[in-house]
Amino acid sequence: MTIREAGAALRSRQISCAELTERSLDQIAKLNPRLNAFITVTADAARAHARQLDRELASGTVRGPLHGIPIAHKDIFWTKGVRTTSGSKIYADFVPDSDAAAVAKLQAAGAVTIGKTGLHELAYGITSDNPHFGTIRNPRDPQHSPGGSSGGSGAAVAADMAFMATGTDTGGSIRIPAAFCGVTGLKPTYGLIDRSGVQPLGLSLDHVGPLARTVDDVRLAFEAMAAGAPRKPALARMEDIRIGLPENFYFNEVAPEVKAAIERAARRAEQLGARVTPVRVPDIETLNAVGLTILLAEASAVHEAHLARRADFGADVLALLDQGRLVPATDYVNAQRLRKRFLIEFHSLFRNIDCLFTPAVPITAPRIGQTEVTLEGRVYNVRMVITRFARAFNVLGFPALAMPCGRSREGLPIGLQIAARPHEEDLLLMLGEALEEPVI
Amino acid sequence: MSVRFLPSSARSGQYVSLAGLKPDIPPEQLERIQPLVDQLLTLLRRQALTLAPDADSALIYKPEPEEQP
């Protein structure tokens with residue numbers, strides 16, 4: 001069921017907010033022991049809130065399309081009176097005294113919070129294999145990773161535990177789990193959704209956005225989260241849209257099935273009237289190095305106060321935090337200067353196109369614990385491969401949508417990434433809806 | 001090409017933090033991560049050499065869309 005369908009059922013009294021919430025809680029009770037998507041389930045608070053929303057409906061008050069819709073928050077968003085662990089031992093007992101701005105907006109829109117989803121420790125990684133709160137599993141195949149860092153949000157949505165879930169994306173952390181779990185995730189323009197009350201990681205790279213099962217669900221959640229933010233209307237017709245299909249980088253060292261699926265999506269867009277143009281993108285390898293340098297330095301600065309507690313960090317996160325301490329200030333500053341130069345280059349590229357089509361991730365979800373992958377005859381580190389296509393749009397601040405576009409022979413979802421100029425989320429959502437396949 | 005950025009004391013695993021404010025990175029950890037940082041910064045520095053002195057003075061990042069909506 002989509003958010004729009006559930007909303008219609010609620011307003012026509014075919015179902016109550018309390019019943020809809022109960023369905024989600026039942027699904028969590030049934031599947032969470034296997035998937036570990038949630039760190040905290042706020043069942044009592046959710047039931048009380050749902051009853052209140054039922055009373056509002058009975059009195060004729062409809063807050064909007066999210067009224068009575070059960071949702072979840074990545075456990076890095078502050079929730080008043082509910083512990084917010086950030087997937088970390090350091091924050092395991094932290095109970096905020098206020099809600100994150102995005103949480104407050106979704107609550108004001110009538111969404112019912114059913115719990116807090118698991119994540120890669122401190123959102124600093126892409127496996128969601130968390131040493132403190134356990135391994136999160138992919139609902140499409142529990143032997144595989146859901147991706148990360150918003151792995152619990154991706155899994156919760158894919159397993160029908162929640163209609164949508166919030167996520168954060170510093171180097172792909174919304175788009176990677178969306179791609180691996182076969183759901184849709186939107187990383188909006190940098191700064192578009194208020195990040196206050198969200199535990200930071202990379203101060204100039206962090207983005208907040210929604211994950212949901214359909215593009216329209218993502219749209220409805222995004223509109224609530226970004227209420228009042230500047231937006232640019234989408235081009236009205238497919239015929240007006242110019243899609244850039246990269247000739248370089250984005251189709252190198254990619255699993256053949258992934259490559260074929262993205263090319264099919266581009267052909268489908270062409271059949272719908274869009275113009276598909278081959279383009280050469282700037283040096284993404286260097287742009288990724290720029291982004292990683294900035295991230296290493298910023299994340300270590302953010303967490304410096306706790307670095308004396310070495311035993312309280314997982315080995316992979318500690319290694320990254322230690323790496324950040326080895327980045328000289330001069331290199332951080334020059335990375336920011338290079339970032340500006342890339343921004344100019346990308347704006348120049350986007351004078352000739354409206355969006356880029358790329359794979360969201362070069363591969364489908366790896367098995368849990370898998371460390372290497374072979375592409376075009378060469379062996380690569382899985383973690384490096386997974387963030388390869390996502391990070392650039394964090395560095396640039398451009399919005400990017402990840403959505404399902406087929407499955408591999410193994411039955412694992414393949415993710416398409418569509419990126420556009422700042423503030424053109426509506427274009428991404430319009431294109432996404434046009435290309436969307438039936439919910440898997 | 002391997003580029004080393006830390007003082008020799010760090011390379012030998014004897015890195016001492018300022019006034020004890022930061023914990024030392026254990027030598028075995030330093031040995032593991034230093035090549036990764038070197039590799040990253042080597043790529044970055046090659047590009048940084050091409051920056052003009054007046055390339056941009058803005059260090060606080062904003063995406064700065066060409067056209068405001």
# chains A, B, ... in the order shown; residues from 1 in each chain; ligands from 1

$ interface_residues --of "chain A" --to "chain B" --cutoff "6 Å" --atoms "only C-alpha atoms" --output "list in words"
Arg231, Lys232, Ala308, Gly397 and Pro422 of chain A

$ write_last_selection --atoms "C-alpha atoms" --output "compact mmCIF listing (two decimals), in the first residue's frame"
# COMPACT_ATOMS: atom_id res chain seq x y z
CA ARG A 231 12.09 24.80 -4.91
CA LYS A 232 12.27 25.08 -8.66
CA ALA A 308 40.14 9.05 24.03
CA GLY A 397 25.47 19.50 -3.10
CA PRO A 422 20.46 22.38 -7.05

$ closest_residue --among "A:Ala434, A:Leu287, A:Ala301, A:Ala234" --to "Arg391 in chain A" --atoms "only C-alpha atoms"
A:Leu287

$ residues_around --residues "Arg175 in chain A" --least-positions-apart "5" --cutoff "7 Å" --atoms "only C-alpha atoms" --output "list of chain:residue names"
A:Gly185, A:Leu186, A:Ala360, A:Ala402

$ residues_around --residues "Asn352 in chain A" --least-positions-apart "3" --cutoff "8 Å" --atoms "only C-alpha atoms" --output "PyMOL selection string"
chain A and resi 242+348-349

$ closest_residue --among "A:Leu326, A:Ala179, A:Val157, A:Ala104" --to "Ala72 in chain A" --atoms "only C-alpha atoms"
A:Val157

$ select_by_dssp --residues "range 171-218 of chain A" --states "strand (DSSP E or B)" --output "list in words"
Thr184, Gly185, Leu186, Lys187, Val198, His207, Val208, Gly209, Pro210, Leu211 and Ala212 of chain A

$ residues_around --residues "Ser173 in chain A" --least-positions-apart "5" --cutoff "6 Å" --atoms "only C-alpha atoms" --output "count of residues only"
3
